[in-house]
file structure-v9.txt (compact mmCIF, C-alpha atoms)
# COMPACT_ATOMS: atom_id res chain seq x y z
CA MET A 29 12.76 42.54 23.14
CA VAL A 30 14.58 40.24 20.74
CA ASP A 31 18.21 41.26 20.23
CA LYS A 32 18.58 41.68 16.44
CA LYS A 33 22.37 41.46 16.74
CA LEU A 34 22.30 38.13 18.59
CA PHE A 35 23.76 36.15 15.69
CA GLU A 36 26.74 38.49 15.33
CA ASN A 37 28.42 37.19 18.50
CA THR A 38 31.29 35.10 17.10
CA GLU A 39 32.93 34.47 20.48
CA ILE A 40 29.93 32.36 21.56
CA ALA A 41 29.41 30.94 18.05
CA PHE A 42 32.94 29.50 17.77
CA LYS A 43 33.75 28.89 21.42
CA LEU A 44 34.14 25.13 20.84
CA LYS A 45 36.51 25.56 17.89
CA SER A 46 40.27 25.69 18.41
CA ASP A 47 42.33 28.06 16.25
CA SER A 48 43.31 25.18 13.97
CA GLN A 49 39.66 24.05 13.61
CA LEU A 50 38.68 27.61 12.78
CA ASP A 51 41.43 27.75 10.14
CA ARG A 52 40.18 24.47 8.68
CA ALA A 53 36.61 25.83 8.54
CA TYR A 54 37.86 28.95 6.75
CA PHE A 55 39.75 26.82 4.22
CA LEU A 56 36.72 24.56 3.60
CA PHE A 57 34.24 27.39 3.04
CA LYS A 58 36.73 29.18 0.76
CA MET A 59 36.88 25.99 -1.31
CA ILE A 60 33.08 25.57 -1.28
CA ALA A 61 32.65 29.20 -2.41
CA ASN A 62 34.40 28.26 -5.66
CA GLU A 63 31.70 26.49 -7.68
CA PRO A 64 33.96 25.07 -10.44
CA LEU A 65 36.29 23.76 -7.74
CA VAL A 66 33.39 21.99 -6.01
CA ARG A 67 32.42 20.30 -9.30
CA ILE A 68 36.00 19.20 -9.99
CA GLY A 69 36.53 18.12 -6.36
CA THR A 70 33.29 16.13 -6.37
CA ALA A 71 34.22 14.28 -9.55
CA ALA A 72 37.76 13.63 -8.32
CA THR A 73 36.56 12.38 -4.92
CA ASN A 74 34.00 10.03 -6.50
CA PHE A 75 36.66 8.65 -8.83
CA ALA A 76 39.20 8.20 -6.02
CA LEU A 77 36.69 6.37 -3.81
CA LYS A 78 35.53 4.07 -6.64
CA ALA A 79 39.16 3.36 -7.55
CA HIS A 80 39.89 2.57 -3.87
CA LEU A 81 42.63 5.21 -3.74
CA PRO A 82 43.83 5.91 -0.17
CA ILE A 83 42.11 9.26 0.38
CA GLU A 84 39.79 8.43 3.30
CA GLY A 85 42.35 9.78 5.80
CA LEU A 86 42.46 13.12 4.00
CA ILE A 87 38.66 13.30 3.80
CA ARG A 88 38.35 12.38 7.48
CA ALA A 89 40.79 15.12 8.53
CA THR A 90 39.06 17.83 6.50
CA VAL A 91 35.48 17.84 5.22
CA PHE A 92 34.28 14.78 7.19
CA ASP A 93 35.36 16.04 10.62
CA HIS A 94 33.87 19.47 9.91
CA PHE A 95 30.40 18.24 8.85
CA CYS A 96 30.14 14.86 10.67
CA GLY A 97 30.33 13.65 14.26
CA GLY A 98 32.17 10.39 13.62
CA VAL A 99 32.03 6.98 11.97
CA SER A 100 29.79 5.41 14.66
CA GLU A 101 27.49 6.44 17.50
CA GLU A 102 30.28 5.91 20.02
CA ASP A 103 32.71 7.92 17.89
CA CYS A 104 30.31 10.90 18.11
CA LEU A 105 30.28 11.03 21.92
CA ASP A 106 33.08 13.58 22.25
CA VAL A 107 31.30 16.01 19.92
CA ILE A 108 27.91 15.34 21.57
CA ASP A 109 29.27 16.02 25.06
CA LYS A 110 31.17 19.16 24.03
CA MET A 111 28.14 20.66 22.32
CA TYR A 112 25.91 19.83 25.28
CA GLU A 113 28.27 21.73 27.58
CA ALA A 114 27.27 24.73 25.45
CA LYS A 115 23.57 23.67 25.84
CA VAL A 116 23.25 22.42 22.26
CA SER A 117 21.65 18.97 21.90
CA SER A 118 22.39 16.45 19.13
CA VAL A 119 20.19 14.63 16.61
CA LEU A 120 22.23 11.62 15.47
CA ASP A 121 21.68 11.27 11.72
CA TYR A 122 22.89 8.01 10.18
CA SER A 123 23.77 9.51 6.79
CA VAL A 124 24.55 6.39 4.78
CA GLU A 125 22.73 6.34 1.44
CA GLY A 126 20.17 3.53 1.20
CA LYS A 127 20.25 0.40 -0.91
CA GLU A 128 16.88 -0.89 -2.06
CA VAL A 129 16.96 -4.33 -0.45
CA GLU A 130 14.93 -5.68 2.45
CA SER A 131 17.93 -6.58 4.58
CA HIS A 132 19.17 -3.00 4.35
CA PHE A 133 15.76 -1.63 5.41
CA ASP A 134 15.74 -3.98 8.40
CA ASP A 135 19.27 -2.86 9.28
CA ALA A 136 18.26 0.81 9.01
CA ALA A 137 15.31 0.33 11.37
CA GLN A 138 17.52 -1.55 13.83
CA LYS A 139 20.06 1.27 13.62
CA ILE A 140 17.39 3.82 14.63
CA ILE A 141 16.25 1.52 17.46
CA LYS A 142 19.86 1.31 18.65
CA ILE A 143 20.12 5.11 18.54
CA ILE A 144 16.89 5.47 20.56
CA ARG A 145 18.37 3.20 23.24
CA PHE A 146 21.57 5.21 23.01
CA CYS A 147 19.55 8.44 23.47
CA GLU A 148 17.96 7.06 26.64
CA GLU A 149 21.40 7.08 28.27
CA ARG A 150 22.22 10.68 27.38
CA GLU A 151 20.18 13.79 28.09
CA ALA A 152 22.08 15.47 25.23
CA MET A 153 20.18 13.40 22.64
CA PRO A 154 16.39 13.90 22.94
CA ILE A 155 15.58 13.38 19.23
CA VAL A 156 16.20 10.81 16.45
CA VAL A 157 15.63 11.05 12.70
CA PHE A 158 15.07 8.74 9.73
CA LYS A 159 14.17 8.94 6.03
CA PRO A 160 11.05 7.10 4.77
CA THR A 161 13.09 5.51 1.98
CA GLY A 162 15.53 4.27 4.60
CA PHE A 163 12.73 1.88 5.65
CA GLY A 164 11.32 0.90 2.25
CA ARG A 165 11.57 1.23 -1.50
CA PHE A 166 10.90 4.63 -3.08
CA TYR A 167 8.83 2.86 -5.78
CA LEU A 168 6.36 1.54 -3.19
CA PHE A 169 5.82 4.99 -1.65
CA GLN A 170 5.29 6.41 -5.14
CA LYS A 171 2.90 3.64 -6.22
CA LYS A 172 0.82 3.92 -3.03
CA GLY A 173 0.70 7.72 -3.31
CA GLU A 174 -0.58 7.41 -6.87
CA GLY A 175 -3.38 5.11 -5.66
CA LYS A 176 -2.23 2.15 -7.75
CA PRO A 177 -2.99 -1.31 -6.32
CA PHE A 178 -0.12 -3.35 -4.93
CA THR A 179 0.62 -6.90 -5.97
CA GLU A 180 0.39 -9.46 -3.16
CA GLU A 181 4.18 -9.36 -2.70
CA GLU A 182 4.24 -5.55 -2.72
CA GLN A 183 1.50 -5.45 -0.06
CA LYS A 184 3.60 -7.71 2.17
CA GLU A 185 6.59 -5.44 1.55
CA TRP A 186 4.51 -2.35 2.42
CA ASP A 187 3.26 -4.05 5.60
CA ARG A 188 6.90 -4.54 6.62
CA ILE A 189 7.57 -0.80 6.08
CA VAL A 190 4.60 0.04 8.33
CA GLN A 191 5.88 -2.40 10.95
CA ARG A 192 9.33 -0.77 10.91
CA TYR A 193 7.68 2.61 11.52
CA HIS A 194 5.70 1.15 14.44
CA ASP A 195 8.78 -0.56 15.92
CA VAL A 196 10.66 2.75 15.97
CA CYS A 197 7.80 5.02 17.06
CA SER A 198 6.51 2.73 19.84
CA LEU A 199 9.99 2.42 21.36
CA ALA A 200 10.51 6.17 21.04
CA LYS A 201 7.26 6.81 22.93
CA GLN A 202 8.29 4.31 25.60
CA LYS A 203 11.72 6.00 25.99
CA ASP A 204 10.38 9.57 25.58
CA VAL A 205 12.55 10.27 22.54
CA GLU A 206 11.11 12.40 19.73
CA VAL A 207 11.23 11.07 16.14
CA LEU A 208 11.70 13.31 13.10
CA ILE A 209 10.65 11.74 9.79
CA ASP A 210 12.46 13.51 6.95
CA GLY A 211 10.75 14.75 3.80
CA GLU A 212 11.65 13.53 0.33
CA GLU A 213 10.61 14.07 -3.31
CA SER A 214 7.00 15.20 -3.89
CA TRP A 215 6.08 12.19 -6.05
CA MET A 216 6.54 9.82 -3.11
CA GLN A 217 5.58 12.21 -0.32
CA ASP A 218 1.79 11.68 -0.30
CA ALA A 219 2.19 8.10 0.95
CA ALA A 220 4.93 9.18 3.39
CA ASP A 221 2.65 11.94 4.75
CA GLU A 222 -0.21 9.48 5.17
CA LEU A 223 2.00 7.02 7.04
CA ALA A 224 3.49 9.74 9.25
CA GLU A 225 -0.02 10.90 10.17
CA GLU A 226 -0.97 7.32 11.02
CA MET A 227 1.99 7.26 13.44
CA MET A 228 0.98 10.60 14.95
CA LYS A 229 -2.57 9.37 15.44
CA THR A 230 -1.21 6.33 17.30
CA TYR A 231 1.66 7.82 19.31
CA ASN A 232 0.88 11.55 19.70
CA THR A 233 -2.20 11.16 21.88
CA ASP A 234 -0.72 13.01 24.88
CA VAL A 235 2.43 14.77 23.69
CA PRO A 236 4.03 14.83 20.23
CA ILE A 237 6.58 12.07 19.77
CA VAL A 238 6.38 11.73 15.97
CA TYR A 239 7.19 14.71 13.71
CA ASN A 240 6.58 14.79 9.96
CA THR A 241 8.48 17.25 7.72
CA LEU A 242 7.08 20.21 5.80
CA GLN A 243 9.29 21.26 2.89
CA THR A 244 8.03 24.80 2.43
CA TYR A 245 9.53 25.33 -1.02
CA ARG A 246 6.39 23.43 -2.01
CA HIS A 247 3.65 26.01 -2.52
CA ASP A 248 0.91 23.69 -1.18
CA ARG A 249 2.37 23.09 2.28
CA LEU A 250 0.48 25.76 4.26
CA GLU A 251 -2.81 24.44 2.92
CA PHE A 252 -1.64 20.88 3.75
CA LEU A 253 -0.68 21.99 7.29
CA LYS A 254 -4.07 23.57 7.93
CA ALA A 255 -5.89 20.46 6.67
CA SER A 256 -3.82 18.13 8.86
CA HIS A 257 -4.44 20.44 11.86
CA LYS A 258 -8.19 20.21 11.25
CA ARG A 259 -8.04 16.38 11.13
CA ALA A 260 -5.90 16.19 14.27
CA LYS A 261 -8.34 18.41 16.19
CA GLU A 262 -11.30 16.32 15.06
CA GLN A 263 -9.59 13.00 15.84
CA GLY A 264 -7.91 14.02 19.09
CA PHE A 265 -4.18 13.73 18.50
CA LYS A 266 -1.24 16.15 18.51
CA LEU A 267 0.82 17.12 15.48
CA GLY A 268 4.59 17.43 15.28
CA TYR A 269 6.27 19.12 12.33
CA LYS A 270 9.82 19.82 11.35
CA ILE A 271 9.74 22.77 8.96
CA VAL A 272 12.48 23.29 6.40
CA ARG A 273 12.74 25.07 3.08
CA GLY A 274 13.60 21.88 1.15
CA ALA A 275 16.32 19.86 -0.51
CA TYR A 276 15.19 18.65 -3.96
CA MET A 277 14.39 21.85 -5.87
CA GLU A 278 16.31 21.24 -9.12
CA LYS A 279 15.12 17.63 -9.30
CA GLU A 280 11.50 18.68 -8.69
CA ARG A 281 11.51 21.34 -11.41
CA GLU A 282 13.25 19.10 -13.94
CA ARG A 283 10.76 16.27 -13.42
CA ALA A 284 7.75 18.61 -13.64
CA GLU A 285 9.04 20.02 -16.93
CA GLU A 286 9.89 16.58 -18.31
CA LYS A 287 6.47 15.09 -17.44
CA GLY A 288 4.45 18.21 -18.24
CA TYR A 289 2.81 19.00 -14.90
CA GLU A 290 2.85 22.18 -12.81
CA SER A 291 5.97 22.39 -10.65
CA PRO A 292 5.17 21.95 -6.95
CA ILE A 293 7.98 24.39 -6.11
CA CYS A 294 7.44 28.07 -5.26
CA LYS A 295 8.31 30.42 -8.14
CA ASP A 296 11.25 32.08 -6.36
CA LYS A 297 13.19 32.28 -3.09
CA ALA A 298 11.12 35.20 -1.74
CA THR A 299 7.92 33.13 -2.11
CA THR A 300 9.58 30.16 -0.39
CA ASP A 301 10.76 32.39 2.47
CA ALA A 302 7.24 33.79 2.88
CA ASN A 303 5.76 30.28 2.82
CA PHE A 304 8.21 29.06 5.47
CA ASN A 305 7.43 32.03 7.71
CA ASP A 306 3.65 31.61 7.19
CA CYS A 307 3.85 27.92 8.19
CA LEU A 308 5.98 28.84 11.21
CA THR A 309 3.49 31.55 12.23
CA PHE A 310 0.50 29.20 11.90
CA ILE A 311 2.19 26.54 14.04
CA LEU A 312 3.24 28.91 16.82
CA HIS A 313 -0.29 30.34 16.91
CA HIS A 314 -1.55 26.75 17.43
CA ILE A 315 1.19 25.57 19.79
CA ASP A 316 -1.31 23.69 21.97
CA ASP A 317 -1.99 21.38 19.01
CA ILE A 318 1.28 21.40 17.04
CA SER A 319 4.90 21.11 18.17
CA VAL A 320 7.66 22.35 15.89
CA PHE A 321 11.30 21.72 15.03
CA ILE A 322 12.42 24.87 13.19
CA GLY A 323 15.07 23.62 10.79
CA THR A 324 16.60 26.67 9.18
CA HIS A 325 19.90 28.47 8.60
CA ASN A 326 17.99 31.64 7.71
CA GLU A 327 18.62 34.30 10.35
CA ILE A 328 15.45 36.27 9.58
CA SER A 329 13.22 33.19 10.09
CA ASN A 330 14.92 32.48 13.41
CA TYR A 331 14.36 36.07 14.55
CA ILE A 332 10.69 35.82 13.48
CA ALA A 333 10.32 32.65 15.58
CA MET A 334 11.86 34.36 18.62
CA GLU A 335 9.60 37.40 18.22
CA LEU A 336 6.49 35.24 17.86
CA MET A 337 7.40 33.25 20.97
CA GLU A 338 7.73 36.52 22.88
CA THR A 339 4.44 37.92 21.52
CA LEU A 340 2.53 34.70 22.20
CA ASN A 341 4.10 34.20 25.66
CA ILE A 342 5.68 30.87 24.70
CA ASP A 343 8.44 30.11 27.17
CA ILE A 344 11.85 29.82 25.50
CA LYS A 345 12.32 26.41 27.21
CA ASP A 346 8.94 25.09 26.07
CA ASN A 347 9.70 21.60 24.71
CA ARG A 348 7.15 22.09 21.93
CA VAL A 349 9.57 24.48 20.15
CA TRP A 350 13.03 23.42 18.99
CA PHE A 351 15.51 25.22 16.74
CA GLY A 352 17.84 23.15 14.56
CA GLN A 353 20.79 23.53 12.22
CA LEU A 354 23.25 21.15 10.58
CA TYR A 355 26.54 20.38 12.31
CA GLY A 356 29.35 22.41 10.78
CA MET A 357 27.06 25.25 9.66
CA SER A 358 25.44 28.35 11.18
CA ASP A 359 27.12 28.00 14.58
CA ASN A 360 26.36 31.70 15.05
CA ILE A 361 22.65 30.80 15.15
CA SER A 362 22.81 27.53 17.13
CA PHE A 363 25.17 28.50 19.93
CA ASN A 364 23.83 32.02 20.42
CA LEU A 365 20.24 30.72 20.64
CA ALA A 366 21.35 28.05 23.13
CA ALA A 367 23.25 30.64 25.21
CA LYS A 368 19.98 32.58 25.52
CA GLY A 369 18.19 29.43 26.78
CA TYR A 370 16.25 28.28 23.70
CA ASN A 371 15.97 24.56 22.84
CA VAL A 372 18.56 23.93 20.13
CA ALA A 373 19.74 20.73 18.44
CA LYS A 374 22.33 20.15 15.75
CA TYR A 375 21.79 17.44 13.13
CA LEU A 376 24.92 15.33 13.64
CA PRO A 377 25.61 13.07 10.63
CA PHE A 378 27.69 9.94 11.15
CA GLY A 379 28.69 6.75 9.37
CA PRO A 380 31.68 5.19 7.61
CA VAL A 381 33.63 7.85 5.67
CA LYS A 382 33.12 6.25 2.27
CA ASP A 383 29.39 5.67 2.82
CA VAL A 384 28.77 9.24 4.02
CA MET A 385 30.48 10.86 1.01
CA PRO A 386 27.23 11.31 -1.03
CA TYR A 387 25.85 13.29 1.94
CA LEU A 388 29.00 15.43 2.16
CA ILE A 389 28.99 16.09 -1.57
CA ARG A 390 25.38 17.30 -1.35
CA ARG A 391 26.35 19.62 1.52
CA ALA A 392 29.10 21.17 -0.60
CA GLU A 393 26.84 21.52 -3.65
CA GLU A 394 23.99 23.02 -1.61
CA ASN A 395 26.35 25.58 -0.07
CA THR A 396 27.45 26.74 -3.51
CA SER A 397 23.82 27.11 -4.64
CA VAL A 398 22.39 28.87 -1.56
CA ALA A 399 23.00 32.56 -2.13
CA GLY A 400 24.93 34.14 0.72
CA GLN A 401 25.31 31.04 2.93
CA THR A 402 29.02 30.45 2.28
CA SER A 403 29.97 34.12 2.26
CA ARG A 404 28.14 34.55 5.59
CA GLU A 405 30.12 31.67 7.12
CA LEU A 406 33.39 33.15 5.82
CA THR A 407 32.58 36.63 7.14
CA LEU A 408 31.86 35.30 10.63
CA ILE A 409 34.97 33.09 10.69
CA LYS A 410 37.14 36.04 9.59
CA LYS A 411 35.58 38.20 12.29
CA GLU A 412 36.33 35.59 14.98
CA ARG A 413 39.91 35.07 13.78
CA GLN A 414 40.45 38.83 14.02
CA ARG A 415 38.82 38.97 17.48
CA ARG A 416 41.19 36.26 18.72
CA LYS A 417 44.22 38.07 17.31
CA ASN A 418 43.19 41.23 19.11
CA ALA A 419 42.30 39.49 22.40

call {"tool": "encode", "arguments": {"input": "structure-v9.txt", "output": "structure tokens"}}
result
Amino acid sequence: MVDKKLFENTEIAFKLKSDSQLDRAYFLFKMIANEPLVRIGTAATNFALKAHLPIEGLIRATVFDHFCGGVSEEDCLDVIDKMYEAKVSSVLDYSVEGKEVESHFDDAAQKIIKIIRFCEEREAMPIVVFKPTGFGRFYLFQKKGEGKPFTEEEQKEWDRIVQRYHDVCSLAKQKDVEVLIDGEESWMQDAADELAEEMMKTYNTDVPIVYNTLQTYRHDRLEFLKASHKRAKEQGFKLGYKIVRGAYMEKERERAEEKGYESPICKDKATTDANFNDCLTFILHHIDDISVFIGTHNEISNYIAMELMETLNIDIKDNRVWFGQLYGMSDNISFNLAAKGYNVAKYLPFGPVKDVMPYLIRRAEENTSVAGQTSRELTLIKKERQRRKNA
């Protein structure tokens, strides 16, 4: 039987946090809970960084160290090792926002290759991740997805994107490191999905190495999942999917309204939750064909996954099922699942402080917009602080 109070255990959840780190987390989430303060803080931080004011030390000591592992791969090692002692693996996520130039795309691919080689040395890092637009221009993905012909130069550029994918995925297969390809906006995703499936067809012949992402706030994703499963069965390769709710909701709705097409986003949160859980259920019922990385901070979805694994006799250590949360959030889920023996990995962002700020700002803004997320974090932190006082 699945323990429905598993995620209430704050002693396990915050075991790695010192009293001062717990106090810092409480302070940060109190700040994030104040939406006007987040807006003002975001504007002030952007201004200070652009004006080259000396605030990087303050950012590093507060929000950066809470949500990021370090400024480089090596700088993350202490966090990686500590988490792995608690049986939580790390997915190193180079969270620097892309620039649309070829040299940057080459650098990004080389960075992932370096991380794969880094992973080979450490059991704590079985997975890497990259964004499609980290390897090529958004415009090209959009144009290809719309079926518009490339110019000769654009075709050469696209061929270089495909080569970067192959360079990363072939090395990952050789080193037995799994690759998560993140999802992005719907109007570029068709080409990204097609390319991800091409990689799966090539590299997932025995076991899944390449994972595409399903953003289940899109109402068409269950249908898409079933169609890709049918193709994979017919063509003899395995699927890998990271499932998440999604990260571009406001942008998606605004564009659909502006351009006059039906929004691809579910009508409300309840529909999105149901869609996520339906995709999760379909995958776990077809675990021989599809591996899954369950990327969610939603406690109910995690409980559903645990119950399904029990019902379907899927071993909790089965490498085809991973649970994942972001570093600095939902430690009550990650560390309690890991303590029970499930496969768990934290997304561990890293990069130079200034370059990672757009990522951190999004984290703060998302926390203010996700109903209940920040208050849940605060409740758990308060509970643990009280437990420590009474201990």

call {"tool": "atom_distance", "arguments": {"input": "structure-v9.txt", "atom1": "atom CA of A:Ser117", "atom2": "atom CA of A:Asn240"}}
result
19.7 Å

call {"tool": "residues_around", "arguments": {"input": "structure-v9.txt", "residues": "stretch 31-43 of chain A", "least_positions_apart": "3", "cutoff": "7 Å", "atoms": "all atoms listed in the file", "output": "ChimeraX atom specification"}}
result
/A:359-361,363-364,408,412

call {"tool": "atom_distance", "arguments": {"input": "structure-v9.txt", "atom1": "atom CA of A:Thr402", "atom2": "atom CA of A:Phe378"}}
result
22.4 Å

call {"tool": "atom_distance", "arguments": {"input": "structure-v9.txt", "atom1": "atom CA of A:Ala220", "atom2": "atom CA of A:Tyr269"}}
result
13.4 Å

call {"tool": "residues_around", "arguments": {"input": "structure-v9.txt", "residues": "stretch 299-308 of chain A", "least_positions_apart": "6", "cutoff": "6 Å", "atoms": "all atoms listed in the file", "output": "list in words"}}
result
Thr244, Tyr245 and Leu250 of chain A

call {"tool": "residues_around", "arguments": {"input": "structure-v9.txt", "residues": "A:Asp135", "least_positions_apart": "6", "cutoff": "10 Å", "atoms": "all atoms listed in the file", "output": "list of chain:residue names"}}
result
A:Ile141, A:Gly162, A:Phe163

call {"tool": "closest_residue", "arguments": {"input": "structure-v9.txt", "among": "A:Val119, A:Ile318, A:Val129, A:Val205", "to": "A:Thr161", "atoms": "all atoms listed in the file"}}
result
A:Val129

call {"tool": "closest_residue", "arguments": {"input": "structure-v9.txt", "among": "A:Cys197, A:Ile389, A:Cys104, A:Ile140", "to": "A:Thr230", "atoms": "all atoms listed in the file"}}
result
A:Cys197

call {"tool": "closest_residue", "arguments": {"input": "structure-v9.txt", "among": "A:Ser358, A:Trp215, A:Ile322, A:Ser123", "to": "A:Tyr289", "atoms": "only C-alpha atoms"}}
result
A:Trp215

call {"tool": "build_atoms", "arguments": {"input": "structure-v9.txt", "residues": "stretch 164-175 of chain A", "atoms": "N, CA and C atoms", "output": "PDB file, in the frame of the given file"}}
result
ATOM      1  N   GLY A 164      12.024   1.585   3.309  1.00  0.00           N
ATOM      2  CA  GLY A 164      11.320   0.900   2.250  1.00  0.00           C
ATOM      3  C   GLY A 164      11.586   1.519   0.888  1.00  0.00           C
ATOM      4  N   ARG A 165      11.251   0.787  -0.145  1.00  0.00           N
ATOM      5  CA  ARG A 165      11.570   1.230  -1.500  1.00  0.00           C
ATOM      6  C   ARG A 165      10.798   2.483  -1.914  1.00  0.00           C
ATOM      7  N   PHE A 166      11.501   3.399  -2.556  1.00  0.00           N
ATOM      8  CA  PHE A 166      10.900   4.630  -3.080  1.00  0.00           C
ATOM      9  C   PHE A 166       9.699   4.279  -3.970  1.00  0.00           C
ATOM     10  N   TYR A 167       9.874   3.271  -4.824  1.00  0.00           N
ATOM     11  CA  TYR A 167       8.830   2.860  -5.780  1.00  0.00           C
ATOM     12  C   TYR A 167       7.515   2.554  -5.076  1.00  0.00           C
ATOM     13  N   LEU A 168       7.594   1.899  -3.907  1.00  0.00           N
ATOM     14  CA  LEU A 168       6.360   1.540  -3.190  1.00  0.00           C
ATOM     15  C   LEU A 168       5.650   2.780  -2.661  1.00  0.00           C
ATOM     16  N   PHE A 169       6.431   3.732  -2.113  1.00  0.00           N
ATOM     17  CA  PHE A 169       5.820   4.990  -1.650  1.00  0.00           C
ATOM     18  C   PHE A 169       5.155   5.707  -2.822  1.00  0.00           C
ATOM     19  N   GLN A 170       5.840   5.735  -3.966  1.00  0.00           N
ATOM     20  CA  GLN A 170       5.290   6.410  -5.140  1.00  0.00           C
ATOM     21  C   GLN A 170       4.011   5.714  -5.615  1.00  0.00           C
ATOM     22  N   LYS A 171       4.056   4.397  -5.715  1.00  0.00           N
ATOM     23  CA  LYS A 171       2.900   3.640  -6.220  1.00  0.00           C
ATOM     24  C   LYS A 171       1.696   3.818  -5.295  1.00  0.00           C
ATOM     25  N   LYS A 172       1.928   3.769  -3.982  1.00  0.00           N
ATOM     26  CA  LYS A 172       0.820   3.920  -3.030  1.00  0.00           C
ATOM     27  C   LYS A 172       0.242   5.334  -3.115  1.00  0.00           C
ATOM     28  N   GLY A 173       1.141   6.325  -3.209  1.00  0.00           N
ATOM     29  CA  GLY A 173       0.700   7.720  -3.310  1.00  0.00           C
ATOM     30  C   GLY A 173      -0.132   7.988  -4.552  1.00  0.00           C
ATOM     31  N   GLU A 174       0.171   7.255  -5.620  1.00  0.00           N
ATOM     32  CA  GLU A 174      -0.580   7.410  -6.870  1.00  0.00           C
ATOM     33  C   GLU A 174      -1.884   6.617  -6.872  1.00  0.00           C
ATOM     34  N   GLY A 175      -2.140   5.872  -5.773  1.00  0.00           N
ATOM     35  CA  GLY A 175      -3.380   5.110  -5.660  1.00  0.00           C
ATOM     36  C   GLY A 175      -3.429   3.854  -6.505  1.00  0.00           C
TER      37      GLY A 175
END
